[in-house]
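Peer 1: For reference, the file start-v7.tsv (TSV, C-alpha atoms) is included below:
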```tsv
chain	number	residue	atom	x	y	z
A	67	MET	CA	19.82	26.72	-16.82
A	68	GLY	CA	19.23	28.07	-13.33
A	69	LYS	CA	17.64	26.04	-10.55
A	70	VAL	CA	15.44	27.39	-7.80
A	71	LEU	CA	15.42	25.71	-4.37
A	72	MET	CA	11.90	24.95	-3.14
A	73	GLY	CA	12.56	23.06	0.10
A	74	PRO	CA	11.44	19.46	0.73
A	75	GLN	CA	8.45	18.67	-1.50
A	76	THR	CA	6.82	15.58	-2.99
A	77	LEU	CA	7.09	17.09	-6.45
A	78	ILE	CA	6.82	14.20	-8.89
A	79	TYR	CA	4.68	13.99	-12.03
A	80	PRO	CA	2.39	12.36	-12.94
A	81	VAL	CA	0.68	10.77	-9.96
A	82	PRO	CA	-2.38	8.54	-10.43
A	83	VAL	CA	-5.87	9.13	-9.07
A	84	LEU	CA	-7.21	5.95	-7.50
A	85	LEU	CA	-10.27	5.02	-5.49
A	86	ILE	CA	-9.28	2.86	-2.53
A	87	GLY	CA	-11.99	0.63	-1.14
A	88	ALA	CA	-12.41	-1.06	2.21
A	89	ASN	CA	-15.25	-2.41	4.28
A	90	ILE	CA	-15.65	-0.62	7.58
A	91	ASP	CA	-17.87	-2.41	10.06
A	92	ASP	CA	-18.98	-4.53	7.05
A	93	LYS	CA	-20.03	-1.49	5.00
A	94	PRO	CA	-18.17	-0.54	1.80
A	95	ASN	CA	-16.40	2.81	1.66
A	96	PHE	CA	-14.10	4.44	-0.88
A	97	MET	CA	-11.63	7.29	-0.78
A	98	ALA	CA	-9.62	9.01	-3.49
A	99	VAL	CA	-5.85	8.87	-3.22
A	100	ALA	CA	-3.10	10.22	-5.41
A	101	TRP	CA	-0.24	9.07	-3.20
A	102	GLY	CA	0.13	5.57	-4.64
A	103	GLY	CA	2.25	3.53	-7.00
A	104	ILE	CA	3.57	0.16	-8.01
A	105	ALA	CA	5.77	-1.36	-5.30
A	106	ASN	CA	6.86	-4.72	-6.72
A	107	SER	CA	6.49	-6.86	-9.83
A	108	VAL	CA	6.85	-10.48	-8.63
A	109	PRO	CA	4.62	-10.84	-6.72
A	110	PRO	CA	2.64	-7.82	-7.93
A	111	MET	CA	2.26	-5.17	-5.21
A	112	ILE	CA	0.81	-1.68	-4.95
A	113	SER	CA	1.53	1.01	-2.35
A	114	VAL	CA	-1.05	3.54	-1.21
A	115	ALA	CA	-0.49	6.27	1.34
A	116	ILE	CA	-3.49	7.24	3.44
A	117	ARG	CA	-3.63	10.07	5.94
A	118	ARG	CA	-3.73	8.47	9.37
A	119	ILE	CA	-6.89	10.24	10.44
A	120	ARG	CA	-8.88	8.88	7.46
A	121	TYR	CA	-11.81	6.53	7.97
A	122	THR	CA	-10.70	4.18	5.18
A	123	GLY	CA	-7.51	3.27	7.02
A	124	ARG	CA	-9.65	1.87	9.82
A	125	GLY	CA	-11.39	-0.46	7.37
A	126	ILE	CA	-8.12	-1.62	5.88
A	127	ARG	CA	-6.76	-2.47	9.33
A	128	GLN	CA	-10.00	-4.29	10.24
A	129	ASN	CA	-9.82	-6.67	7.28
A	130	MET	CA	-6.20	-6.35	6.13
A	131	VAL	CA	-7.45	-6.06	2.54
A	132	PHE	CA	-8.23	-3.14	0.25
A	133	SER	CA	-9.20	-2.54	-3.34
A	134	VAL	CA	-7.67	-0.21	-5.91
A	135	ASN	CA	-10.19	1.09	-8.44
A	136	VAL	CA	-8.98	3.11	-11.43
A	137	PRO	CA	-11.62	5.75	-12.29
A	138	CYS	CA	-12.16	7.01	-15.84
A	139	VAL	CA	-12.43	10.73	-16.69
A	140	GLU	CA	-16.24	10.47	-16.77
A	141	MET	CA	-16.09	9.64	-13.05
A	142	VAL	CA	-14.08	12.70	-12.05
A	143	LYS	CA	-16.94	14.24	-10.07
A	144	GLU	CA	-17.54	11.10	-8.01
A	145	THR	CA	-13.80	10.59	-7.55
A	146	ASP	CA	-13.28	14.12	-6.31
A	147	TYR	CA	-16.22	13.75	-3.95
A	148	CYS	CA	-14.59	10.61	-2.51
A	149	GLY	CA	-11.54	12.74	-1.74
A	150	ILE	CA	-13.54	15.50	-0.06
A	151	ALA	CA	-16.18	13.59	1.95
A	152	SER	CA	-15.59	11.25	4.88
A	153	GLY	CA	-17.26	7.84	5.08
A	154	ALA	CA	-17.61	8.48	8.81
A	155	LYS	CA	-20.29	11.05	7.96
A	156	VAL	CA	-21.83	10.12	4.62
A	157	ASP	CA	-22.58	7.04	2.55
A	158	LYS	CA	-20.32	7.66	-0.44
A	159	VAL	CA	-21.53	4.56	-2.28
A	160	LYS	CA	-25.04	5.97	-2.25
A	161	ALA	CA	-24.06	9.55	-3.08
A	162	CYS	CA	-21.91	8.36	-6.00
A	163	ARG	CA	-24.36	5.69	-7.21
A	164	PHE	CA	-21.51	3.16	-7.14
A	165	LYS	CA	-22.43	-0.42	-7.97
A	166	VAL	CA	-20.34	-2.43	-5.54
A	167	PHE	CA	-19.28	-6.01	-6.10
A	168	TYR	CA	-16.91	-8.41	-4.37
A	169	GLY	CA	-14.39	-10.78	-5.93
A	170	LYS	CA	-11.89	-13.39	-4.85
A	171	LEU	CA	-11.13	-11.97	-1.41
A	172	GLY	CA	-14.80	-11.56	-0.53
A	173	ASN	CA	-14.33	-8.46	1.62
A	174	ALA	CA	-12.55	-5.92	-0.61
A	175	PRO	CA	-15.35	-3.83	-2.18
A	176	LEU	CA	-14.98	-3.06	-5.90
A	177	ILE	CA	-16.67	-0.41	-8.05
A	178	GLU	CA	-18.27	-1.78	-11.18
A	179	GLN	CA	-18.17	1.59	-13.00
A	180	CYS	CA	-14.37	1.76	-12.66
A	181	PRO	CA	-12.66	0.17	-15.68
A	182	VAL	CA	-9.98	-1.53	-13.59
A	183	ASN	CA	-10.23	-3.06	-10.10
A	184	LEU	CA	-7.48	-4.70	-8.08
A	185	GLU	CA	-8.05	-6.79	-4.96
A	186	CYS	CA	-5.14	-6.48	-2.53
A	187	LYS	CA	-4.04	-8.20	0.67
A	188	VAL	CA	-2.03	-6.02	3.04
A	189	VAL	CA	1.54	-7.30	3.45
A	190	HIS	CA	3.13	-4.25	5.12
A	191	ILE	CA	1.99	-1.10	6.90
A	192	LEU	CA	4.52	1.68	7.47
A	193	ASP	CA	3.48	4.60	9.66
A	194	LEU	CA	5.56	7.34	8.10
A	195	GLY	CA	4.19	10.51	9.68
A	196	SER	CA	1.04	12.18	8.38
A	197	HIS	CA	0.28	9.04	6.33
A	198	SER	CA	0.40	5.28	6.67
A	199	LEU	CA	1.81	3.48	3.66
A	200	TYR	CA	-0.11	0.30	2.91
A	201	ILE	CA	1.64	-2.25	0.70
A	202	GLY	CA	-0.86	-4.65	-0.83
A	203	ARG	CA	-0.21	-7.82	-2.78
A	204	VAL	CA	-2.54	-7.92	-5.78
A	205	GLU	CA	-4.63	-11.08	-5.61
A	206	GLU	CA	-6.92	-10.49	-8.59
A	207	THR	CA	-7.45	-7.94	-11.35
A	208	HIS	CA	-10.83	-7.15	-12.93
A	209	VAL	CA	-11.08	-5.19	-16.18
A	210	SER	CA	-14.28	-4.01	-17.82
A	211	GLU	CA	-14.88	-5.91	-21.02
A	212	GLU	CA	-15.42	-2.79	-23.11
A	213	CYS	CA	-11.97	-1.48	-22.09
A	214	LEU	CA	-10.14	-4.35	-23.77
A	215	THR	CA	-8.64	-4.38	-27.25
A	216	SER	CA	-7.76	-7.83	-28.57
A	217	GLY	CA	-8.15	-9.11	-25.03
A	218	LYS	CA	-5.70	-6.62	-23.50
A	219	PRO	CA	-6.48	-3.61	-21.28
A	220	ASP	CA	-6.41	-0.51	-23.46
A	221	VAL	CA	-5.45	2.79	-21.84
A	222	LYS	CA	-7.36	4.74	-24.52
A	223	LYS	CA	-10.58	3.05	-23.42
A	224	ILE	CA	-9.77	3.06	-19.70
A	225	LYS	CA	-9.21	6.85	-19.78
A	226	PRO	CA	-7.49	7.24	-16.40
A	227	PHE	CA	-6.41	10.61	-15.07
A	228	ALA	CA	-3.62	12.15	-13.06
A	229	TYR	CA	-3.58	14.57	-10.15
A	230	THR	CA	-1.46	17.66	-10.45
A	231	LYS	CA	-0.81	19.89	-7.49
A	232	ALA	CA	1.57	22.38	-9.07
A	233	PRO	CA	0.79	24.99	-10.17
A	234	ALA	CA	-2.88	24.25	-9.27
A	235	LEU	CA	-4.83	21.38	-7.75
A	236	GLN	CA	-6.31	19.73	-10.81
A	237	TYR	CA	-7.00	16.50	-12.65
A	238	GLN	CA	-5.44	15.93	-16.04
A	239	ALA	CA	-6.09	13.30	-18.67
A	240	LEU	CA	-3.37	11.26	-20.30
A	241	GLY	CA	-2.31	12.74	-23.62
A	242	ASP	CA	-0.30	12.04	-26.72
A	243	PHE	CA	1.91	9.07	-27.38
A	244	VAL	CA	5.54	10.14	-26.90
A	245	ALA	CA	7.60	7.07	-27.79
A	246	GLU	CA	7.85	3.31	-27.51
A	247	ALA	CA	9.39	2.17	-24.23
A	248	PHE	CA	12.48	-0.05	-24.17
A	249	SER	CA	13.01	0.95	-27.77
A	250	VAL	CA	13.47	4.68	-28.46
A	251	GLY	CA	16.61	4.78	-26.30
A	252	LYS	CA	18.41	2.07	-28.23
A	253	GLU	CA	19.99	4.53	-30.64
A	254	LEU	CA	22.07	5.92	-27.77
A	255	GLN	CA	23.71	2.52	-27.42
A	256	ALA	CA	26.05	3.48	-30.24
A	257	ARG	CA	27.29	6.54	-28.32
A	258	LYS	CA	30.50	6.31	-26.31
B	101	MET	CA	-20.98	-4.11	-17.76
B	102	GLY	CA	-19.02	-7.36	-17.74
B	103	LYS	CA	-15.69	-7.78	-16.02
B	104	VAL	CA	-12.85	-9.99	-17.19
B	105	LEU	CA	-10.48	-11.57	-14.66
B	106	MET	CA	-6.82	-11.02	-15.51
B	107	GLY	CA	-5.03	-12.55	-12.52
B	108	PRO	CA	-2.76	-10.58	-10.18
B	109	GLN	CA	-1.36	-7.55	-12.03
B	110	THR	CA	0.04	-4.14	-11.14
B	111	LEU	CA	-2.49	-2.49	-13.44
B	112	ILE	CA	-2.75	1.13	-12.31
B	113	TYR	CA	-2.70	4.25	-14.48
B	114	PRO	CA	-0.90	6.56	-14.84
B	115	VAL	CA	2.53	5.76	-13.42
B	116	PRO	CA	5.34	8.31	-13.57
B	117	VAL	CA	8.65	7.98	-15.38
B	118	LEU	CA	11.50	9.06	-13.12
B	119	LEU	CA	15.27	9.00	-13.32
B	120	ILE	CA	16.72	7.74	-10.04
B	121	GLY	CA	20.27	8.80	-9.30
B	122	ALA	CA	22.91	7.38	-6.99
B	123	ASN	CA	26.67	7.46	-6.72
B	124	ILE	CA	28.22	4.02	-7.06
B	125	ASP	CA	31.84	3.85	-5.97
B	126	ASP	CA	31.74	7.69	-6.11
B	127	LYS	CA	30.57	7.76	-9.75
B	128	PRO	CA	27.08	9.08	-10.65
B	129	ASN	CA	24.62	6.68	-12.27
B	130	PHE	CA	20.95	6.97	-13.21
B	131	MET	CA	18.22	4.50	-13.99
B	132	ALA	CA	14.65	4.94	-15.22
B	133	VAL	CA	11.87	3.71	-12.97
B	134	ALA	CA	8.11	3.77	-13.34
B	135	TRP	CA	7.40	1.95	-10.08
B	136	GLY	CA	7.37	4.96	-7.82
B	137	GLY	CA	5.03	7.31	-6.03
B	138	ILE	CA	4.43	9.66	-3.15
B	139	ALA	CA	4.61	7.86	0.21
B	140	ASN	CA	3.99	10.58	2.80
B	141	SER	CA	3.23	14.29	3.03
B	142	VAL	CA	4.64	15.39	6.40
B	143	PRO	CA	7.54	14.83	6.21
B	144	PRO	CA	7.57	14.57	2.40
B	145	MET	CA	8.57	11.08	1.23
B	146	ILE	CA	8.81	9.24	-2.09
B	147	SER	CA	8.85	5.50	-2.74
B	148	VAL	CA	10.74	3.91	-5.62
B	149	ALA	CA	10.87	0.22	-6.41
B	150	ILE	CA	14.09	-1.05	-7.97
B	151	ARG	CA	14.72	-4.55	-9.25
B	152	ARG	CA	17.11	-6.16	-6.81
B	153	ILE	CA	19.67	-7.08	-9.45
B	154	ARG	CA	20.01	-3.46	-10.62
B	155	TYR	CA	23.29	-1.62	-10.24
B	156	THR	CA	21.62	1.55	-8.91
B	157	GLY	CA	20.36	-0.26	-5.80
B	158	ARG	CA	23.97	-0.89	-4.85
B	159	GLY	CA	24.70	2.83	-4.95
B	160	ILE	CA	21.66	3.68	-2.87
B	161	ARG	CA	22.71	1.19	-0.20
B	162	GLN	CA	26.29	2.50	-0.24
B	163	ASN	CA	25.27	6.09	0.55
B	164	MET	CA	21.69	5.72	1.82
B	165	VAL	CA	20.65	8.62	-0.41
B	166	PHE	CA	19.17	8.86	-3.90
B	167	SER	CA	17.83	11.50	-6.24
B	168	VAL	CA	14.56	11.63	-8.13
B	169	ASN	CA	14.78	13.50	-11.40
B	170	VAL	CA	11.63	14.22	-13.41
B	171	PRO	CA	12.46	14.08	-17.13
B	172	CYS	CA	10.61	16.18	-19.72
B	173	VAL	CA	9.27	14.73	-23.00
B	174	GLU	CA	12.29	16.05	-24.88
B	175	MET	CA	14.43	13.70	-22.77
B	176	VAL	CA	12.47	10.55	-23.62
B	177	LYS	CA	15.34	8.98	-25.57
B	178	GLU	CA	17.85	9.46	-22.77
B	179	THR	CA	15.30	8.32	-20.19
B	180	ASP	CA	14.51	5.15	-22.10
B	181	TYR	CA	18.21	4.45	-22.52
B	182	CYS	CA	18.65	4.73	-18.74
B	183	GLY	CA	16.02	2.00	-18.39
B	184	ILE	CA	17.70	-0.30	-20.92
B	185	ALA	CA	21.41	0.07	-20.17
B	186	SER	CA	23.22	-0.92	-16.97
B	187	GLY	CA	25.63	1.40	-15.25
B	188	ALA	CA	27.75	-1.66	-14.52
B	189	LYS	CA	28.66	-1.76	-18.21
B	190	VAL	CA	28.33	1.77	-19.59
B	191	ASP	CA	28.74	5.36	-18.46
B	192	LYS	CA	25.14	6.58	-18.81
B	193	VAL	CA	26.02	10.15	-17.83
B	194	LYS	CA	28.40	10.33	-20.78
B	195	ALA	CA	26.11	8.56	-23.25
B	196	CYS	CA	23.19	10.84	-22.30
B	197	ARG	CA	25.27	14.03	-22.05
B	198	PHE	CA	23.79	14.63	-18.59
B	199	LYS	CA	25.12	17.64	-16.72
B	200	VAL	CA	25.39	16.36	-13.16
B	201	PHE	CA	25.31	18.58	-10.09
B	202	TYR	CA	25.06	18.00	-6.36
B	203	GLY	CA	22.92	19.81	-3.80
B	204	LYS	CA	22.34	19.82	-0.07
B	205	LEU	CA	23.18	16.16	0.55
B	206	GLY	CA	26.41	16.33	-1.42
B	207	ASN	CA	26.28	12.75	-2.69
B	208	ALA	CA	22.93	12.40	-4.47
B	209	PRO	CA	23.68	13.18	-8.14
B	210	LEU	CA	21.16	15.44	-9.92
B	211	ILE	CA	20.55	15.99	-13.64
B	212	GLU	CA	20.55	19.64	-14.66
B	213	GLN	CA	18.48	18.99	-17.81
B	214	CYS	CA	15.60	17.52	-15.77
B	215	PRO	CA	13.10	20.24	-14.79
B	216	VAL	CA	12.63	18.86	-11.27
B	217	ASN	CA	15.15	17.19	-8.94
B	218	LEU	CA	14.55	15.84	-5.46
B	219	GLU	CA	17.29	14.88	-3.02
B	220	CYS	CA	16.21	12.00	-0.78
B	221	LYS	CA	17.59	10.29	2.32
B	222	VAL	CA	16.63	6.60	2.65
B	223	VAL	CA	14.42	5.99	5.70
B	224	HIS	CA	13.15	2.49	4.88
B	225	ILE	CA	14.09	-0.37	2.56
B	226	LEU	CA	11.57	-3.18	2.04
B	227	ASP	CA	12.72	-6.24	0.12
B	228	LEU	CA	9.41	-7.28	-1.42
B	229	GLY	CA	10.43	-9.94	-3.96
B	230	SER	CA	11.71	-8.99	-7.41
B	231	HIS	CA	12.14	-5.40	-6.22
B	232	SER	CA	13.33	-3.47	-3.20
B	233	LEU	CA	11.14	-0.56	-2.20
B	234	TYR	CA	13.18	2.44	-1.12
B	235	ILE	CA	11.37	5.08	0.91
B	236	GLY	CA	13.21	8.38	0.79
B	237	ARG	CA	12.58	11.53	2.79
B	238	VAL	CA	12.85	14.53	0.49
B	239	GLU	CA	15.52	16.89	1.81
B	240	GLU	CA	15.55	19.45	-0.98
B	241	THR	CA	13.72	20.18	-4.24
B	242	HIS	CA	15.30	21.90	-7.23
B	243	VAL	CA	13.17	23.28	-10.06
B	244	SER	CA	14.47	24.76	-13.32
B	245	GLU	CA	13.78	28.49	-13.40
B	246	GLU	CA	12.14	28.36	-16.84
B	247	CYS	CA	9.58	25.83	-15.56
B	248	LEU	CA	8.09	28.25	-13.05
B	249	THR	CA	5.03	30.45	-13.54
B	250	SER	CA	4.64	33.20	-10.94
B	251	GLY	CA	7.24	31.38	-8.86
B	252	LYS	CA	5.39	28.04	-8.84
B	253	PRO	CA	6.32	24.85	-10.70
B	254	ASP	CA	4.16	24.64	-13.83
B	255	VAL	CA	3.32	21.20	-15.18
B	256	LYS	CA	2.82	22.64	-18.69
B	257	LYS	CA	6.44	23.75	-18.73
B	258	ILE	CA	7.80	20.72	-16.92
B	259	LYS	CA	6.20	18.37	-19.49
B	260	PRO	CA	6.55	15.09	-17.59
B	261	PHE	CA	5.42	11.79	-19.06
B	262	ALA	CA	3.84	8.55	-17.94
B	263	TYR	CA	4.68	4.93	-18.64
B	264	THR	CA	1.92	2.70	-19.95
B	265	LYS	CA	2.35	-1.03	-20.19
B	266	ALA	CA	-1.12	-1.99	-21.38
B	267	PRO	CA	-1.86	-2.46	-24.19
B	268	ALA	CA	1.73	-1.62	-25.26
B	269	LEU	CA	4.93	-0.50	-23.56
B	270	GLN	CA	4.94	3.21	-24.26
B	271	TYR	CA	5.44	6.68	-22.91
B	272	GLN	CA	2.55	9.13	-22.90
B	273	ALA	CA	2.44	12.84	-22.26
B	274	LEU	CA	0.00	14.47	-19.88
B	275	GLY	CA	-3.06	15.77	-21.67
B	276	ASP	CA	-6.09	17.93	-21.22
B	277	PHE	CA	-7.33	19.53	-18.03
B	278	VAL	CA	-10.26	17.46	-16.72
B	279	ALA	CA	-11.47	19.32	-13.63
B	280	GLU	CA	-10.40	21.24	-10.54
B	281	ALA	CA	-9.50	18.99	-7.63
B	282	PHE	CA	-11.25	19.36	-4.26
B	283	SER	CA	-13.91	21.32	-6.08
B	284	VAL	CA	-15.73	19.49	-8.91
B	285	GLY	CA	-17.08	16.87	-6.50
B	286	LYS	CA	-18.75	19.39	-4.22
B	287	GLU	CA	-22.01	19.29	-6.12
B	288	LEU	CA	-22.51	15.71	-4.96
B	289	GLN	CA	-22.62	16.96	-1.38
B	290	ALA	CA	-26.29	17.82	-1.92
B	291	ARG	CA	-27.14	14.21	-2.83
B	292	LYS	CA	-28.55	11.90	-0.20
```
So, in terms of structure tokens, how does the structure I just supplied come out?
Peer 2:
Amino acid sequence: MGKVLMGPQTLIYPVPVLLIGANIDDKPNFMAVAWGGIANSVPPMISVAIRRIRYTGRGIRQNMVFSVNVPCVEMVKETDYCGIASGAKVDKVKACRFKVFYGKLGNAPLIEQCPVNLECKVVHILDLGSHSLYIGRVEETHVSEECLTSGKPDVKKIKPFAYTKAPALQYQALGDFVAEAFSVGKELQARK
Amino acid sequence: MGKVLMGPQTLIYPVPVLLIGANIDDKPNFMAVAWGGIANSVPPMISVAIRRIRYTGRGIRQNMVFSVNVPCVEMVKETDYCGIASGAKVDKVKACRFKVFYGKLGNAPLIEQCPVNLECKVVHILDLGSHSLYIGRVEETHVSEECLTSGKPDVKKIKPFAYTKAPALQYQALGDFVAEAFSVGKELQARK
């Protein structure tokens, strides 16, 4: 199996598509990010990387809070728009018909139409180059009632999507079940 | 649409499944992580969160480099095993029949069977609680020849998978195309 060198690239799959919310001058704004992930379990933390020129970063630094909203596939148009447009120029909440609500923190705007919403307090900011990496401690999680099965969040009802940049810039749904985690690998335990 | 409060949780979808490699006392070891993401574009950086008790963290701190290997669905058994077993007790390379090679950095072990391999130099370590967050600058990217289409990495050939913890701990493939990114949202630009 031959390998081809491609130079330094952030080539990992899959990466999530998330709508990051912040109030800027007391007005809610959202942007789409795909550079994000889980940063810690106890306490629960999320990392999101935001290009330093973006308007949303200003709001996060103003209040030191942000929200993470997981969009469903039906919201792909609005989500993409939130990645293209700048809140400095347009009212994205209005253009996207987002119903905004606030939770425990009081100043991290949340999107009702998104099946999952996290409220986060900023605990670290790393200026890494083109982007600032915001590490937020999750303070509360909101899940839409109709996305629960037996009281638990159900990925089949949440219908999140991933961003793929290679070979083309596109959004992709989650697909088939592959295997049970922390289980399917057990049979290799017998190998020496 | 009602919302249910679930307390602080790292509930984002999808999260990637990655095999993180490091030499420990000059011996290659790999662990599976799902707490990882892109941290910066220029220069390209990746973040991975590793439980502080894990053996792999020791190797990363010894050499200040690590590798990120993207497994394909056919490697789900080996990947899961690398999340269950500890390199302190077993030789995972042997148990998984991994073919290990080294690239530009010389001491970040890479798995030949994985379609994509990144070599990373540690630029930041944040001890966040249960986990340490390692931020690595990507120094080189290796892609398996058969996973390219017209010279570009092709997600359909790479066949990565996601980790889902809600409602059940499972691995899921990537699915259907949803929409073109930086394009589908443009029609909202006409809205006021």
Peer 1: Looking at A:Leu192, A:Met72, A:Leu171, A:Val166, which one is nearest to chain B, with distances taken over only C-alpha atoms?
Peer 2: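 Under the stated criterion, the closest residue is A:Met72.
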Peer 1: Smallest atom-to-atom distance to Pro137 in chain A: which of A:Lys93, A:Arg163, A:Arg257, A:Lys225, using only C-alpha atoms?
Peer 2: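 Using only C-alpha atoms, the shortest distance to Pro137 in chain A belongs to A:Lys225.
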Peer 1: From the options A:Ile150, A:Lys223, A:Arg117, A:Gly169, which residue's atoms come nearest to Ser196 in chain A, counting only C-alpha atoms?
Peer 2: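 So, comparing all the options, the nearest one is A:Arg117.
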Peer 1: Given only C-alpha atoms as the basis, pick out the residue of A:Asp193, A:Glu211, A:Glu253, A:Glu185 nearest to Arg118 in chain A.
Peer 2: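 The answer is A:Asp193, which sits nearest to Arg118 in chain A.
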Peer 1: Within 7 Å of Ala208 in chain B, counting only C-alpha atoms, which residues show up once you throw out same-chain ones fewer than 2 positions away? Write them as a PDB file with C-alpha atoms, keeping the file's coordinate frame, please.
Peer 2:
```pdb
ATOM      1  CA  GLY B 121      20.270   8.800  -9.300  1.00  0.00           C
ATOM      2  CA  ALA B 122      22.910   7.380  -6.990  1.00  0.00           C
ATOM      3  CA  ASN B 123      26.670   7.460  -6.720  1.00  0.00           C
ATOM      4  CA  VAL B 165      20.650   8.620  -0.410  1.00  0.00           C
ATOM      5  CA  PHE B 166      19.170   8.860  -3.900  1.00  0.00           C
ATOM      6  CA  SER B 167      17.830  11.500  -6.240  1.00  0.00           C
ATOM      7  CA  TYR B 202      25.060  18.000  -6.360  1.00  0.00           C
ATOM      8  CA  LEU B 205      23.180  16.160   0.550  1.00  0.00           C
ATOM      9  CA  GLY B 206      26.410  16.330  -1.420  1.00  0.00           C
ATOM     10  CA  LEU B 210      21.160  15.440  -9.920  1.00  0.00           C
ATOM     11  CA  GLU B 219      17.290  14.880  -3.020  1.00  0.00           C
TER      12      GLU B 219
END
```
Peer 1: Using Å and a single decimal, report how far CA of Gly137 in chain B sits from CA of Lys170 in chain A.
Peer 2: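 Rounded to one decimal, the two atoms are 26.8 Å apart.
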Peer 1: I'd like to know which of A:Tyr237, A:Tyr79, A:Tyr147, A:Phe96 is closest to Val134 in chain A, using all atoms listed in the file.
Peer 2: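 Of A:Tyr237, A:Tyr79, A:Tyr147, A:Phe96, the one nearest Val134 in chain A is A:Phe96, counting all atoms listed in the file.
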Peer 1: Got a sec to check which residues sit within 12 Å of (-13.3, -13.4, -19.0), counting all atoms listed in the file, and write them as a PDB file with C-alpha atoms, in the frame of the given file?
Peer 2:
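Just written: part-v3.pdb:
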```pdb
ATOM      1  CA  THR A 207      -7.450  -7.940 -11.350  1.00  0.00           C
ATOM      2  CA  HIS A 208     -10.830  -7.150 -12.930  1.00  0.00           C
ATOM      3  CA  VAL A 209     -11.080  -5.190 -16.180  1.00  0.00           C
ATOM      4  CA  SER A 210     -14.280  -4.010 -17.820  1.00  0.00           C
ATOM      5  CA  GLU A 211     -14.880  -5.910 -21.020  1.00  0.00           C
ATOM      6  CA  GLU A 212     -15.420  -2.790 -23.110  1.00  0.00           C
ATOM      7  CA  LEU A 214     -10.140  -4.350 -23.770  1.00  0.00           C
ATOM      8  CA  GLY A 217      -8.150  -9.110 -25.030  1.00  0.00           C
ATOM      9  CA  LYS A 218      -5.700  -6.620 -23.500  1.00  0.00           C
TER      10      LYS A 218
ATOM     11  CA  GLY B 102     -19.020  -7.360 -17.740  1.00  0.00           C
ATOM     12  CA  LYS B 103     -15.690  -7.780 -16.020  1.00  0.00           C
ATOM     13  CA  VAL B 104     -12.850  -9.990 -17.190  1.00  0.00           C
ATOM     14  CA  LEU B 105     -10.480 -11.570 -14.660  1.00  0.00           C
ATOM     15  CA  MET B 106      -6.820 -11.020 -15.510  1.00  0.00           C
ATOM     16  CA  GLY B 107      -5.030 -12.550 -12.520  1.00  0.00           C
TER      17      GLY B 107
END
```
Peer 1: Choose the residue, out of A:Pro74, A:Gly123, A:Gly153, A:Pro109, that has the smallest atom-to-atom separation from His197 in chain A; count only C-alpha atoms.
Peer 2: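 The closest residue to His197 in chain A is A:Gly123.
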Peer 1: Rounded to one decimal place, report the CA of Ala232 in chain A-CA of Pro253 in chain B distance in Å.
Peer 2: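 Going from CA of Ala232 in chain A over to CA of Pro253 in chain B covers 5.6 Å.
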Peer 1: Report, in Å with one decimal, the straight-line distance from CA of Gln179 in chain A to CA of Leu240 in chain A.
Peer 2: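 A separation of 19.1 Å between them.
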Peer 1: So which residues fall inside 10 Å of (15.9, 11.7, -22.9) if we count only C-alpha atoms? Mind giving them as a list in words?
Peer 2: Val250, Gly251 and Leu254 of chain A; Leu119, Pro171, Cys172, Val173, Glu174, Met175, Val176, Lys177, Glu178, Thr179, Asp180, Tyr181, Cys182, Cys196, Arg197, Phe198, Gln213 and Cys214 of chain B
Peer 1: How would range 189-198 of chain B read, as a short mmCIF file (atom, residue, chain, number, x, y, z; two decimals), keeping the file's coordinate frame, once N, CA and C atoms are built in?
Peer 2:
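Saved file result00.cif follows:
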```cif
data_model
loop_
_atom_site.label_atom_id
_atom_site.label_comp_id
_atom_site.auth_asym_id
_atom_site.auth_seq_id
_atom_site.Cartn_x
_atom_site.Cartn_y
_atom_site.Cartn_z
N LYS B 189 27.97 -1.54 -16.93
CA LYS B 189 28.66 -1.76 -18.21
C LYS B 189 28.98 -0.49 -18.98
N VAL B 190 28.11 0.54 -18.83
CA VAL B 190 28.33 1.77 -19.59
C VAL B 190 28.24 2.99 -18.68
N ASP B 191 28.83 4.09 -19.17
CA ASP B 191 28.74 5.36 -18.46
C ASP B 191 27.52 6.10 -19.01
N LYS B 192 26.39 6.00 -18.29
CA LYS B 192 25.14 6.58 -18.81
C LYS B 192 25.20 8.11 -18.83
N VAL B 193 25.90 8.69 -17.88
CA VAL B 193 26.02 10.15 -17.83
C VAL B 193 26.66 10.66 -19.12
N LYS B 194 27.69 9.96 -19.55
CA LYS B 194 28.40 10.33 -20.78
C LYS B 194 27.53 10.09 -22.01
N ALA B 195 26.93 8.91 -22.09
CA ALA B 195 26.11 8.56 -23.25
C ALA B 195 24.92 9.52 -23.40
N CYS B 196 24.38 9.98 -22.27
CA CYS B 196 23.19 10.84 -22.30
C CYS B 196 23.55 12.33 -22.27
N ARG B 197 24.83 12.62 -22.15
CA ARG B 197 25.27 14.03 -22.05
C ARG B 197 24.60 14.74 -20.86
N PHE B 198 24.39 14.01 -19.78
CA PHE B 198 23.79 14.63 -18.59
C PHE B 198 24.80 15.58 -17.94
#
```
